[in-house]
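S.K.: Input protein-v2.csv, format and content: CSV, C-alpha atoms and all ligand atoms.
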chain,number,residue,atom,x,y,z
N,1,MET,CA,0.0,0.0,0.0
N,2,LYS,CA,1.3,3.4,-0.9
N,3,LYS,CA,1.2,6.1,1.7
N,4,GLY,CA,-0.5,8.7,-0.5
N,5,ARG,CA,0.1,10.9,-3.5
N,6,ILE,CA,3.0,13.2,-4.0
N,7,LEU,CA,3.5,16.0,-6.5
N,8,SER,CA,6.7,17.9,-6.8
N,9,GLY,CA,8.3,20.0,-9.5
N,10,MET,CA,11.3,22.0,-10.6
N,11,ARG,CA,11.7,24.8,-13.0
N,12,PRO,CA,13.8,23.7,-16.0
N,13,THR,CA,17.1,25.4,-15.3
N,14,GLY,CA,19.1,22.9,-17.4
N,15,ALA,CA,21.7,20.4,-16.2
N,16,MET,CA,21.5,19.6,-12.5
N,17,HIS,CA,24.2,20.1,-9.9
N,18,LEU,CA,25.1,18.5,-6.6
N,19,GLY,CA,22.7,20.8,-4.7
N,20,HIS,CA,19.8,19.3,-6.7
N,21,LEU,CA,21.1,15.8,-6.2
N,22,PHE,CA,21.5,15.9,-2.4
N,23,GLY,CA,18.8,18.5,-1.8
N,24,ALA,CA,16.0,17.0,-3.8
N,25,LEU,CA,16.6,14.2,-6.3
N,26,GLU,CA,17.9,11.6,-3.8
N,27,ASN,CA,14.8,12.2,-1.8
N,28,TRP,CA,12.5,12.0,-4.9
N,29,VAL,CA,14.0,8.7,-5.8
N,30,LYS,CA,13.4,7.2,-2.3
N,31,LEU,CA,9.8,8.5,-2.2
N,32,GLN,CA,8.8,6.7,-5.4
N,33,ASN,CA,8.8,3.4,-3.6
N,34,GLU,CA,6.6,4.6,-0.8
N,35,TYR,CA,4.2,7.0,-2.5
N,36,GLU,CA,2.4,7.5,-5.8
N,37,THR,CA,4.7,10.1,-7.3
N,38,PHE,CA,4.1,12.8,-9.9
N,39,TYR,CA,7.3,14.7,-10.8
N,40,MET,CA,6.7,17.8,-13.0
N,41,VAL,CA,8.7,20.1,-15.2
N,42,ALA,CA,7.4,23.5,-14.3
N,43,ASP,CA,7.9,25.1,-17.7
N,44,TRP,CA,5.2,27.7,-17.4
N,45,HIS,CA,6.8,28.7,-14.1
N,46,ALA,CA,10.1,29.2,-15.9
N,47,MET,CA,8.3,31.7,-18.1
N,48,THR,CA,7.3,33.9,-15.2
N,49,THR,CA,10.9,35.0,-14.9
N,50,GLN,CA,12.2,34.4,-18.4
N,51,TYR,CA,9.3,35.7,-20.5
N,52,ASP,CA,11.6,38.1,-22.4
N,53,ASP,CA,13.8,35.2,-23.7
N,54,THR,CA,12.2,31.8,-23.8
N,55,SER,CA,14.8,30.3,-26.2
N,56,ARG,CA,16.6,28.1,-23.7
N,57,ILE,CA,13.6,26.6,-21.9
N,58,LYS,CA,13.1,23.7,-24.3
N,59,ASP,CA,16.7,22.5,-24.2
N,60,SER,CA,16.8,23.0,-20.4
N,61,ILE,CA,13.8,20.6,-20.1
N,62,ARG,CA,15.6,17.8,-21.9
N,63,ASP,CA,18.8,18.3,-19.9
N,64,MET,CA,17.0,18.4,-16.6
N,65,VAL,CA,14.8,15.4,-17.2
N,66,ALA,CA,17.7,13.3,-18.5
N,67,ASP,CA,19.5,14.1,-15.3
N,68,TRP,CA,16.4,13.1,-13.2
N,69,ILE,CA,16.4,9.7,-15.0
N,70,ALA,CA,20.1,9.2,-14.6
N,71,CYS,CA,19.8,9.9,-10.9
N,72,GLY,CA,17.2,7.1,-10.5
N,73,ILE,CA,13.8,8.7,-11.2
N,74,ASP,CA,12.1,5.7,-12.7
N,75,PRO,CA,9.4,6.5,-15.3
N,76,GLU,CA,7.8,3.1,-14.6
N,77,LYS,CA,7.3,4.2,-10.9
N,78,SER,CA,6.8,7.9,-11.3
N,79,CYS,CA,4.7,10.0,-13.6
N,80,VAL,CA,7.2,12.4,-15.1
N,81,PHE,CA,5.5,15.1,-17.1
N,82,LYS,CA,5.5,18.7,-18.3
N,83,GLN,CA,3.2,21.2,-16.8
N,84,SER,CA,2.5,22.9,-20.1
N,85,GLU,CA,1.2,19.6,-21.5
N,86,VAL,CA,-1.7,19.4,-19.1
N,87,ALA,CA,-4.0,22.3,-19.8
N,88,ALA,CA,-6.0,21.7,-16.7
N,89,HIS,CA,-3.3,23.3,-14.6
N,90,CYS,CA,-4.1,26.6,-16.3
N,91,GLU,CA,-7.8,26.2,-15.9
N,92,LEU,CA,-7.5,25.6,-12.2
N,93,PHE,CA,-5.1,28.4,-11.9
N,94,LEU,CA,-7.8,30.7,-13.3
N,95,VAL,CA,-10.4,29.5,-10.9
N,96,PHE,CA,-8.0,29.8,-8.0
N,97,SER,CA,-7.0,33.3,-9.1
N,98,MET,CA,-10.7,34.3,-8.6
N,99,ILE,CA,-10.6,33.4,-4.9
N,100,THR,CA,-7.1,34.3,-3.9
N,101,PRO,CA,-6.8,37.6,-2.0
N,102,LEU,CA,-4.0,39.8,-3.4
N,103,GLY,CA,-2.7,40.3,0.1
N,104,TRP,CA,-1.6,36.7,0.4
N,105,LEU,CA,0.5,37.1,-2.7
N,106,GLU,CA,1.9,40.5,-2.0
N,107,ARG,CA,3.0,39.3,1.5
N,108,CYS,CA,4.7,36.2,0.2
N,109,PRO,CA,8.4,36.4,1.2
N,110,THR,CA,9.7,34.7,-1.9
N,111,TYR,CA,7.8,37.3,-4.0
N,112,LYS,CA,9.4,40.2,-2.1
N,113,GLU,CA,12.8,38.7,-2.2
N,114,MET,CA,12.9,37.8,-5.8
N,115,LYS,CA,11.6,41.1,-6.9
N,116,ASN,CA,14.4,42.8,-5.1
N,117,GLU,CA,17.1,40.3,-6.2
N,118,ILE,CA,16.4,39.8,-9.9
N,119,LYS,CA,17.5,42.9,-11.6
N,120,ASN,CA,17.8,41.7,-15.2
N,121,HIS,CA,14.0,41.1,-15.7
N,122,ASP,CA,11.1,43.4,-14.8
N,123,LEU,CA,9.1,41.2,-12.4
N,124,ASN,CA,6.3,43.7,-12.0
N,125,THR,CA,3.9,41.3,-13.8
N,126,PHE,CA,0.6,39.7,-13.0
N,127,GLY,CA,2.1,36.3,-13.8
N,128,PHE,CA,4.9,36.6,-11.3
N,129,LEU,CA,2.7,37.8,-8.5
N,130,GLY,CA,0.5,34.8,-9.3
N,131,TYR,CA,3.4,32.3,-9.2
N,132,PRO,CA,2.1,30.6,-6.0
N,133,VAL,CA,-1.4,30.4,-7.4
N,134,LEU,CA,-0.2,28.3,-10.4
N,135,GLN,CA,1.9,26.2,-8.0
N,136,ALA,CA,-1.3,25.6,-5.9
N,137,ALA,CA,-3.0,24.5,-9.1
N,138,ASP,CA,-0.1,22.1,-9.9
N,139,ILE,CA,-0.5,20.4,-6.5
N,140,LEU,CA,-4.2,20.4,-6.0
N,141,ILE,CA,-5.2,19.3,-9.6
N,142,TYR,CA,-3.7,15.9,-8.5
N,143,LYS,CA,-5.2,16.2,-5.0
N,144,ALA,CA,-1.7,15.5,-3.8
N,145,GLY,CA,-1.4,15.1,0.0
N,146,PHE,CA,2.4,15.5,0.2
N,147,VAL,CA,4.9,17.8,-1.5
N,148,PRO,CA,8.6,17.2,-1.0
N,149,VAL,CA,10.2,20.7,-1.2
N,150,GLY,CA,13.0,22.7,0.2
N,151,GLU,CA,12.5,25.1,3.0
N,152,ASP,CA,12.4,28.0,0.5
N,153,GLN,CA,9.1,26.7,-0.9
N,154,LEU,CA,7.2,26.6,2.4
N,155,PRO,CA,5.5,29.9,1.9
N,156,HIS,CA,4.1,28.6,-1.4
N,157,LEU,CA,2.9,25.5,0.2
N,158,GLU,CA,1.2,27.6,2.9
N,159,ILE,CA,-0.6,29.6,0.2
N,160,THR,CA,-1.6,26.2,-1.4
N,161,ARG,CA,-3.2,25.1,1.8
N,162,GLU,CA,-5.0,28.4,2.2
N,163,ILE,CA,-6.4,28.3,-1.3
N,164,ALA,CA,-7.6,24.7,-0.7
N,165,ARG,CA,-9.3,25.8,2.5
N,166,ARG,CA,-10.9,28.7,0.9
N,167,PHE,CA,-12.1,26.7,-2.1
N,168,ASN,CA,-13.6,24.0,0.1
N,169,HIS,CA,-15.3,26.7,2.2
N,170,PHE,CA,-17.0,28.3,-0.7
N,171,TYR,CA,-17.9,25.3,-2.9
N,172,GLY,CA,-17.7,22.2,-0.7
N,173,LYS,CA,-14.8,20.0,0.3
N,174,LEU,CA,-12.9,18.8,-2.8
N,175,PHE,CA,-9.2,19.4,-2.0
N,176,PRO,CA,-6.8,18.1,0.7
N,177,GLU,CA,-4.5,20.5,2.5
N,178,PRO,CA,-1.2,19.1,1.4
N,179,LYS,CA,1.8,18.8,3.7
N,180,ALA,CA,5.4,19.4,3.0
N,181,ILE,CA,8.0,16.6,3.1
N,182,LEU,CA,11.1,18.5,4.2
N,183,ALA,CA,14.3,16.7,3.3
N,184,GLU,CA,17.3,17.2,5.5
N,185,ALA,CA,18.8,19.5,2.8
N,186,PRO,CA,22.5,20.1,3.1
N,187,LYS,CA,23.6,23.7,2.5
N,188,LEU,CA,26.2,23.1,-0.2
N,189,ALA,CA,28.4,26.0,-1.0
N,190,GLY,CA,29.7,26.5,-4.6
N,191,THR,CA,33.3,26.8,-5.5
N,192,ASP,CA,33.3,30.5,-4.5
N,193,GLY,CA,31.9,30.0,-1.1
N,194,ARG,CA,28.4,31.4,-2.0
N,195,LYS,CA,25.3,29.1,-2.2
N,196,MET,CA,25.6,26.7,-5.1
N,197,SER,CA,23.7,28.0,-8.0
N,198,LYS,CA,23.8,27.7,-11.8
N,199,SER,CA,23.4,31.5,-12.1
N,200,TYR,CA,26.5,32.2,-10.0
N,201,GLY,CA,28.6,29.8,-12.2
N,202,ASN,CA,29.9,28.2,-9.0
N,203,ALA,CA,28.2,24.8,-9.3
N,204,ILE,CA,29.6,21.3,-9.4
N,205,THR,CA,27.4,19.7,-11.9
N,206,LEU,CA,26.4,16.0,-12.3
N,207,ALA,CA,28.5,15.9,-15.4
N,208,ASP,CA,31.8,17.0,-13.8
N,209,ARG,CA,34.4,14.3,-13.7
N,210,GLY,CA,38.2,13.7,-13.6
N,211,LYS,CA,40.4,16.7,-13.4
N,212,ILE,CA,37.5,19.2,-13.5
N,213,LEU,CA,35.8,17.6,-10.5
N,214,GLU,CA,39.1,17.5,-8.6
N,215,LYS,CA,39.8,21.1,-9.4
N,216,LYS,CA,36.4,22.3,-8.3
N,217,ILE,CA,36.7,20.4,-5.0
N,218,LYS,CA,40.1,21.9,-4.5
N,219,ARG,CA,38.6,25.3,-4.7
N,220,LEU,CA,36.0,24.8,-2.0
N,221,VAL,CA,36.4,27.0,1.0
N,222,THR,CA,37.7,25.4,4.2
N,223,ASP,CA,37.9,26.5,7.8
N,224,PRO,CA,39.7,29.8,7.5
N,225,ALA,CA,41.2,29.5,11.0
N,226,ARG,CA,43.1,26.4,9.9
N,227,ILE,CA,46.3,27.6,8.3
N,228,HIS,CA,48.7,24.7,9.1
N,229,PRO,CA,47.8,21.0,9.1
N,230,SER,CA,48.7,21.0,12.8
N,231,ASP,CA,45.9,23.5,13.6
N,232,LYS,CA,42.7,21.9,14.9
N,233,GLY,CA,39.8,22.4,12.5
N,234,HIS,CA,36.2,23.4,12.9
N,235,PRO,CA,34.3,21.2,10.4
N,236,GLU,CA,31.0,23.0,11.0
N,237,VAL,CA,32.3,26.1,9.3
N,238,CYS,CA,34.0,24.2,6.4
N,239,SER,CA,32.1,23.8,3.2
N,240,VAL,CA,34.0,20.5,2.4
N,241,PHE,CA,32.5,19.0,5.6
N,242,GLN,CA,28.9,19.9,4.3
N,243,TYR,CA,29.7,17.8,1.2
N,244,TRP,CA,30.8,14.9,3.4
N,245,LYS,CA,27.6,15.1,5.4
N,246,ALA,CA,25.5,15.1,2.2
N,247,ALA,CA,27.4,12.3,0.4
N,248,ALA,CA,28.6,9.9,3.1
N,249,LYS,CA,27.1,10.4,6.6
N,250,GLU,CA,29.3,7.8,8.4
N,251,LYS,CA,32.5,9.0,6.8
N,252,ALA,CA,31.5,12.5,7.8
N,253,THR,CA,31.5,11.5,11.5
N,254,GLU,CA,35.0,10.1,11.1
N,255,ILE,CA,36.2,13.2,9.2
N,256,LYS,CA,34.8,15.5,11.9
N,257,MET,CA,36.8,13.7,14.6
N,258,GLN,CA,40.0,13.6,12.6
N,259,CYS,CA,39.7,17.3,11.6
N,260,GLU,CA,39.0,18.5,15.1
N,261,LYS,CA,42.1,16.6,16.3
N,262,ALA,CA,44.2,17.8,13.4
N,263,LYS,CA,44.7,14.2,12.3
N,264,ILE,CA,43.8,14.9,8.7
N,265,GLY,CA,44.9,17.8,6.6
N,266,CYS,CA,42.6,19.7,4.2
N,267,VAL,CA,44.5,18.6,1.1
N,268,GLU,CA,44.0,15.0,2.0
N,269,CYS,CA,40.4,15.5,3.1
N,270,LYS,CA,39.6,17.1,-0.3
N,271,LYS,CA,41.3,14.4,-2.2
N,272,ALA,CA,39.2,11.7,-0.4
N,273,LEU,CA,36.1,13.8,-1.1
N,274,SER,CA,37.0,13.9,-4.8
N,275,GLU,CA,37.2,10.2,-4.9
N,276,LYS,CA,33.9,9.8,-3.0
N,277,MET,CA,32.2,12.2,-5.4
N,278,ALA,CA,33.6,10.4,-8.5
N,279,GLU,CA,32.3,7.1,-7.0
N,280,ILE,CA,28.8,8.7,-6.7
N,281,LEU,CA,28.8,10.4,-10.1
N,282,ASP,CA,30.3,7.7,-12.2
N,283,PRO,CA,27.2,5.5,-12.4
N,284,ILE,CA,25.0,8.6,-12.9
N,285,GLN,CA,27.2,9.8,-15.8
N,286,GLU,CA,27.3,6.3,-17.3
N,287,LYS,CA,23.5,6.1,-17.3
N,288,ARG,CA,23.1,9.7,-18.5
N,289,GLU,CA,25.2,9.0,-21.7
N,290,LYS,CA,22.8,6.2,-22.7
N,291,ILE,CA,19.7,8.5,-22.5
N,292,SER,CA,18.7,10.1,-25.8
N,293,GLY,CA,16.5,13.1,-26.5
N,294,ALA,CA,14.0,10.7,-28.1
N,295,ASP,CA,13.8,8.7,-24.8
N,296,ILE,CA,13.0,11.9,-22.9
N,297,ASP,CA,10.3,12.9,-25.4
N,298,GLU,CA,8.8,9.4,-25.0
N,299,ILE,CA,8.9,9.6,-21.2
N,300,LEU,CA,7.3,13.0,-21.2
N,301,LYS,CA,4.6,12.0,-23.7
N,302,LYS,CA,3.6,9.0,-21.6
N,303,GLY,CA,3.7,10.9,-18.4
N,304,GLY,CA,1.7,13.7,-19.9
N,305,GLU,CA,-1.1,11.3,-20.9
N,306,LYS,CA,-1.4,9.8,-17.4
N,307,ALA,CA,-1.2,13.2,-15.7
N,308,LYS,CA,-3.9,14.5,-18.1
N,309,THR,CA,-6.3,11.8,-17.2
N,310,VAL,CA,-6.0,12.5,-13.4
N,311,ALA,CA,-6.1,16.3,-13.9
N,312,GLU,CA,-9.1,16.3,-16.2
N,313,LYS,CA,-11.1,14.3,-13.7
N,314,THR,CA,-10.4,16.8,-11.0
N,315,MET,CA,-11.2,19.7,-13.3
N,316,ALA,CA,-14.6,18.2,-14.0
N,317,GLU,CA,-15.3,18.0,-10.3
N,318,VAL,CA,-14.2,21.6,-10.0
N,319,ARG,CA,-16.6,22.8,-12.7
N,320,GLU,CA,-19.4,20.9,-10.9
N,321,ALA,CA,-18.4,22.4,-7.6
N,322,VAL,CA,-18.4,26.0,-8.9
N,323,LYS,CA,-21.5,25.3,-11.0
N,324,ILE,CA,-20.0,26.6,-14.2
D,1,LIG,N1,8.3,26.7,-7.3
D,1,LIG,C1,9.1,25.5,-7.3
D,1,LIG,C2,10.6,25.8,-7.4
D,1,LIG,O1,10.9,26.9,-7.8
D,1,LIG,C3,8.8,24.7,-8.6
D,1,LIG,C4,7.4,24.2,-8.6
D,1,LIG,C5,6.4,24.5,-9.4
D,1,LIG,C6,6.8,23.2,-7.6
D,1,LIG,N2,5.2,23.9,-9.1
D,1,LIG,C7,5.4,23.1,-8.0
D,1,LIG,C8,7.3,22.5,-6.5
D,1,LIG,C9,4.6,22.3,-7.3
D,1,LIG,C10,6.4,21.7,-5.8
D,1,LIG,C11,5.1,21.6,-6.2
D,1,LIG,O2,11.4,25.1,-6.9
D,2,LIG,FE1,37.4,21.0,6.2
D,2,LIG,FE2,38.4,18.6,5.8
D,2,LIG,FE3,40.0,20.7,6.2
D,2,LIG,FE4,38.5,19.8,8.2
D,2,LIG,S1,40.1,18.7,7.2
D,2,LIG,S2,38.8,22.0,7.6
D,2,LIG,S3,36.6,19.2,7.1
D,2,LIG,S4,38.7,20.4,4.5
Produce structure tokens that represent the structure in this file.

M.R.:
Amino acid sequence: MKKGRILSGMRPTGAMHLGHLFGALENWVKLQNEYETFYMVADWHAMTTQYDDTSRIKDSIRDMVADWIACGIDPEKSCVFKQSEVAAHCELFLVFSMITPLGWLERCPTYKEMKNEIKNHDLNTFGFLGYPVLQAADILIYKAGFVPVGEDQLPHLEITREIARRFNHFYGKLFPEPKAILAEAPKLAGTDGRKMSKSYGNAITLADRGKILEKKIKRLVTDPARIHPSDKGHPEVCSVFQYWKAAAKEKATEIKMQCEKAKIGCVECKKALSEKMAEILDPIQEKREKISGADIDEILKKGGEKAKTVAEKTMAEVREAVKI
């Protein structure tokens, strides 16, 4: 027996990096055995920030989904699909937009933050303000009870629950109030010490190998107070240690002890980490090379059909509930 239904999604940002792997994908892979899982490419959501240049979205979708599959998302177990292929998301988005108070959206912390942070696009748009409403439609059109997301997405999930509650209050109970499944997401720093992000150009990608992988790991920022190998280290402030925690929990405990007692030097520690990462990435890269664009199209087509069936059924119920 499955424990319930899950929906999660990612905006297509192209090839995935280690932050995606340890922060989300590993968890998605695990969950496919316990839940009925729907994993969605949020391509309409990509457009909310990239509406002035949509030329890269299509390629990004293929790269991203190929990486999902290489990491172990199994299209036999999970419904892998594209948001834009299931029109009911947009229909439900419209209905929800009728009942969502503007204040909920204007107050949303991610809205305020992104509007301040992203300077290269004008985000003063209706669609960007409505981002969480579309996300609510993504989740509720499948009546998903659980949504594995990172902490940054909790405000959106809260709005989803509020919209579900409000809909149920006006038109009768139709939707569940979905819960977040928070993974213990490691905070991986990129090669420049900032948060790992494709847009910062500091990411270690799933395709990195050999000398490039080694070089990037060498550049990771370590405990600044540790100048000589004989200095005792403070692993909790060292980004290399975060990688150990993400990639090999038991080994991390050992590294912590050795580092604190100055029994291991940073050079050696990084070398061991490079080896560990290569061990994790090798099979992913091997699998990735065998996946063609045509395979991805086929997976998305099949997934889209299944998603459509479920979504259209909900939408019929919505029409009946709102009497239109
Ligand atoms: N907003 C999510 C992100 O940026 C992506 C997303 C879109 C999503 N729709 C969703 C996540 C539905 C979970 C459920 O990461
Ligand atoms: Fe970081 Fe490893 Fe150096 Fe300790 S030994 S400071 S964990 S790189």

S.K.: Nearest residue to ligand LIG 2 (chain D) out of N:Leu129, N:Ile264, N:Leu105, N:Ile163, using only C-alpha atoms and all ligand atoms?

M.R.: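 That would be N:Ile264, the residue with the smallest distance to ligand LIG 2 (chain D).
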
S.K.: Within 8 Å of ligand LIG 2 (chain D), which residues show up when you count all atoms listed in the file? List them as a short mmCIF file (atom, residue, chain, number, x, y, z; two decimals) with C-alpha atoms, keeping the file's coordinate frame, please.

M.R.:
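That gives us pocket07.cif:
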data_model
loop_
_atom_site.label_atom_id
_atom_site.label_comp_id
_atom_site.auth_asym_id
_atom_site.auth_seq_id
_atom_site.Cartn_x
_atom_site.Cartn_y
_atom_site.Cartn_z
CA VAL N 221 36.40 27.00 1.00
CA THR N 222 37.70 25.40 4.20
CA ASP N 223 37.90 26.50 7.80
CA PRO N 224 39.70 29.80 7.50
CA ARG N 226 43.10 26.40 9.90
CA GLY N 233 39.80 22.40 12.50
CA HIS N 234 36.20 23.40 12.90
CA PRO N 235 34.30 21.20 10.40
CA GLU N 236 31.00 23.00 11.00
CA VAL N 237 32.30 26.10 9.30
CA CYS N 238 34.00 24.20 6.40
CA SER N 239 32.10 23.80 3.20
CA VAL N 240 34.00 20.50 2.40
CA PHE N 241 32.50 19.00 5.60
CA ILE N 255 36.20 13.20 9.20
CA LYS N 256 34.80 15.50 11.90
CA GLN N 258 40.00 13.60 12.60
CA CYS N 259 39.70 17.30 11.60
CA GLU N 260 39.00 18.50 15.10
CA ALA N 262 44.20 17.80 13.40
CA ILE N 264 43.80 14.90 8.70
CA GLY N 265 44.90 17.80 6.60
CA CYS N 266 42.60 19.70 4.20
CA VAL N 267 44.50 18.60 1.10
CA GLU N 268 44.00 15.00 2.00
CA CYS N 269 40.40 15.50 3.10
CA LYS N 270 39.60 17.10 -0.30
#

S.K.: Can you tell me which residues come within 7 Å of ligand LIG 1 (chain D) when counting only C-alpha atoms and all ligand atoms, ideally as a list in words?

M.R.: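 These are the residues that qualify: Leu7, Ser8, Gly9, Met10, Arg11, Ala42, His45, Gln135, Ala136, Asp138, Ile139, Val147, Pro148, Val149 and Gln153 of chain N.
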
S.K.: When distances are computed from only C-alpha atoms, which of N:Ala144, N:Thr49, N:Asp59, N:Thr37 shows the smallest separation from Lys115 of chain N?

M.R.: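 Nearest candidate to Lys115 of chain N out of N:Ala144, N:Thr49, N:Asp59, N:Thr37: N:Thr49.
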
S.K.: Would you please work out which residue, of N:Ala321, N:Met114, N:Leu300, N:Leu123, is nearest to Ser84 of chain N when using all atoms listed in the file?

M.R.: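 With all atoms listed in the file as the atom set, the closest residue is N:Leu300.
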
S.K.: For each of N:Ile99, N:Glu162, N:Lys216, N:Gly293, take the minimum atom-to-atom distance to Ser60 of chain N, counting all atoms listed in the file, then give the residue where this is smallest.

M.R.: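 Among the listed residues, the smallest separation from Ser60 of chain N belongs to N:Gly293.
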
S.K.: Using atom CA of Leu25 of chain N and atom CA of Met64 of chain N as the two end points, give the distance in Å to one decimal.

M.R.: 11.1 Å

S.K.: Name the closest residue to Lys251 of chain N among the candidates N:Gly130, N:Ala70, N:Pro101, N:Ala272; distances are taken between atoms, counting only C-alpha atoms.

M.R.: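 Of the candidates, the smallest distance to Lys251 of chain N is held by N:Ala272.
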
S.K.: Check the smallest atom-to-atom distance from each of N:Lys215, N:Ala137, N:Ala66, N:Leu31 to Ala87 of chain N using all atoms listed in the file, then report the winner.

M.R.: N:Ala137

S.K.: Expressed in Å to a single decimal, how great is the separation between atom CA of Ala311 of chain N and atom CA of Glu91 of chain N?

M.R.: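 About the pair atom CA of Ala311 of chain N and atom CA of Glu91 of chain N: they are 10.2 Å apart.
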
S.K.: One number please: atom CA of Val133 of chain N to atom CA of His89 of chain N, in Å, one decimal.

M.R.: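 Computed distance, atom CA of Val133 of chain N to atom CA of His89 of chain N, equals 10.3 Å.
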
S.K.: Taking 6 positions as the minimum chain separation for residues in the same chain, which residues sit within 10 Å of Gly23 of chain N when counting all atoms listed in the file? Answer as a PyMOL selection string.

M.R.: chain N and resi 17+149-150+182-188+246

S.K.: Mind filling out segment 283-299 of chain N with N, CA, C and O atoms and sending it as a PDB file, in the frame of the given file?

M.R.:
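rebuild-v1.pdb, written as the output of this step:
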ATOM      1  N   PRO N 283      28.350   6.247 -11.904  1.00  0.00           N
ATOM      2  CA  PRO N 283      27.200   5.500 -12.400  1.00  0.00           C
ATOM      3  C   PRO N 283      26.116   6.442 -13.003  1.00  0.00           C
ATOM      4  O   PRO N 283      25.432   6.094 -13.971  1.00  0.00           O
ATOM      5  N   ILE N 284      25.990   7.640 -12.424  1.00  0.00           N
ATOM      6  CA  ILE N 284      25.000   8.600 -12.900  1.00  0.00           C
ATOM      7  C   ILE N 284      25.402   9.040 -14.339  1.00  0.00           C
ATOM      8  O   ILE N 284      24.584   9.090 -15.266  1.00  0.00           O
ATOM      9  N   GLN N 285      26.691   9.316 -14.503  1.00  0.00           N
ATOM     10  CA  GLN N 285      27.200   9.800 -15.800  1.00  0.00           C
ATOM     11  C   GLN N 285      27.079   8.667 -16.868  1.00  0.00           C
ATOM     12  O   GLN N 285      26.741   8.918 -18.020  1.00  0.00           O
ATOM     13  N   GLU N 286      27.337   7.454 -16.412  1.00  0.00           N
ATOM     14  CA  GLU N 286      27.300   6.300 -17.300  1.00  0.00           C
ATOM     15  C   GLU N 286      25.832   6.170 -17.851  1.00  0.00           C
ATOM     16  O   GLU N 286      25.590   5.972 -19.038  1.00  0.00           O
ATOM     17  N   LYS N 287      24.894   6.281 -16.930  1.00  0.00           N
ATOM     18  CA  LYS N 287      23.500   6.100 -17.300  1.00  0.00           C
ATOM     19  C   LYS N 287      23.049   7.323 -18.179  1.00  0.00           C
ATOM     20  O   LYS N 287      22.325   7.145 -19.164  1.00  0.00           O
ATOM     21  N   ARG N 288      23.520   8.489 -17.834  1.00  0.00           N
ATOM     22  CA  ARG N 288      23.100   9.700 -18.500  1.00  0.00           C
ATOM     23  C   ARG N 288      23.517   9.626 -20.019  1.00  0.00           C
ATOM     24  O   ARG N 288      22.787  10.072 -20.901  1.00  0.00           O
ATOM     25  N   GLU N 289      24.675   9.032 -20.285  1.00  0.00           N
ATOM     26  CA  GLU N 289      25.200   9.000 -21.700  1.00  0.00           C
ATOM     27  C   GLU N 289      24.294   8.070 -22.542  1.00  0.00           C
ATOM     28  O   GLU N 289      24.282   8.215 -23.757  1.00  0.00           O
ATOM     29  N   LYS N 290      23.580   7.166 -21.913  1.00  0.00           N
ATOM     30  CA  LYS N 290      22.800   6.200 -22.700  1.00  0.00           C
ATOM     31  C   LYS N 290      21.358   6.786 -22.977  1.00  0.00           C
ATOM     32  O   LYS N 290      20.588   6.180 -23.708  1.00  0.00           O
ATOM     33  N   ILE N 291      21.010   7.922 -22.371  1.00  0.00           N
ATOM     34  CA  ILE N 291      19.700   8.500 -22.500  1.00  0.00           C
ATOM     35  C   ILE N 291      19.629   9.439 -23.709  1.00  0.00           C
ATOM     36  O   ILE N 291      20.390  10.405 -23.724  1.00  0.00           O
ATOM     37  N   SER N 292      18.771   9.179 -24.670  1.00  0.00           N
ATOM     38  CA  SER N 292      18.700  10.100 -25.800  1.00  0.00           C
ATOM     39  C   SER N 292      17.560  11.069 -25.679  1.00  0.00           C
ATOM     40  O   SER N 292      16.670  10.901 -24.845  1.00  0.00           O
ATOM     41  N   GLY N 293      17.597  12.092 -26.511  1.00  0.00           N
ATOM     42  CA  GLY N 293      16.500  13.100 -26.500  1.00  0.00           C
ATOM     43  C   GLY N 293      15.182  12.403 -26.842  1.00  0.00           C
ATOM     44  O   GLY N 293      14.143  12.767 -26.284  1.00  0.00           O
ATOM     45  N   ALA N 294      15.225  11.402 -27.725  1.00  0.00           N
ATOM     46  CA  ALA N 294      14.000  10.700 -28.100  1.00  0.00           C
ATOM     47  C   ALA N 294      13.421   9.946 -26.879  1.00  0.00           C
ATOM     48  O   ALA N 294      12.197   9.888 -26.695  1.00  0.00           O
ATOM     49  N   ASP N 295      14.305   9.390 -26.057  1.00  0.00           N
ATOM     50  CA  ASP N 295      13.800   8.700 -24.800  1.00  0.00           C
ATOM     51  C   ASP N 295      13.083   9.683 -23.942  1.00  0.00           C
ATOM     52  O   ASP N 295      12.022   9.367 -23.401  1.00  0.00           O
ATOM     53  N   ILE N 296      13.658  10.860 -23.789  1.00  0.00           N
ATOM     54  CA  ILE N 296      13.000  11.900 -22.900  1.00  0.00           C
ATOM     55  C   ILE N 296      11.671  12.271 -23.456  1.00  0.00           C
ATOM     56  O   ILE N 296      10.689  12.353 -22.713  1.00  0.00           O
ATOM     57  N   ASP N 297      11.612  12.509 -24.764  1.00  0.00           N
ATOM     58  CA  ASP N 297      10.300  12.900 -25.400  1.00  0.00           C
ATOM     59  C   ASP N 297       9.274  11.819 -25.105  1.00  0.00           C
ATOM     60  O   ASP N 297       8.117  12.121 -24.806  1.00  0.00           O
ATOM     61  N   GLU N 298       9.703  10.566 -25.213  1.00  0.00           N
ATOM     62  CA  GLU N 298       8.800   9.400 -25.000  1.00  0.00           C
ATOM     63  C   GLU N 298       8.290   9.394 -23.558  1.00  0.00           C
ATOM     64  O   GLU N 298       7.097   9.224 -23.289  1.00  0.00           O
ATOM     65  N   ILE N 299       9.218   9.574 -22.634  1.00  0.00           N
ATOM     66  CA  ILE N 299       8.900   9.600 -21.200  1.00  0.00           C
ATOM     67  C   ILE N 299       7.869  10.678 -20.903  1.00  0.00           C
ATOM     68  O   ILE N 299       6.855  10.471 -20.224  1.00  0.00           O
TER      69      ILE N 299
END
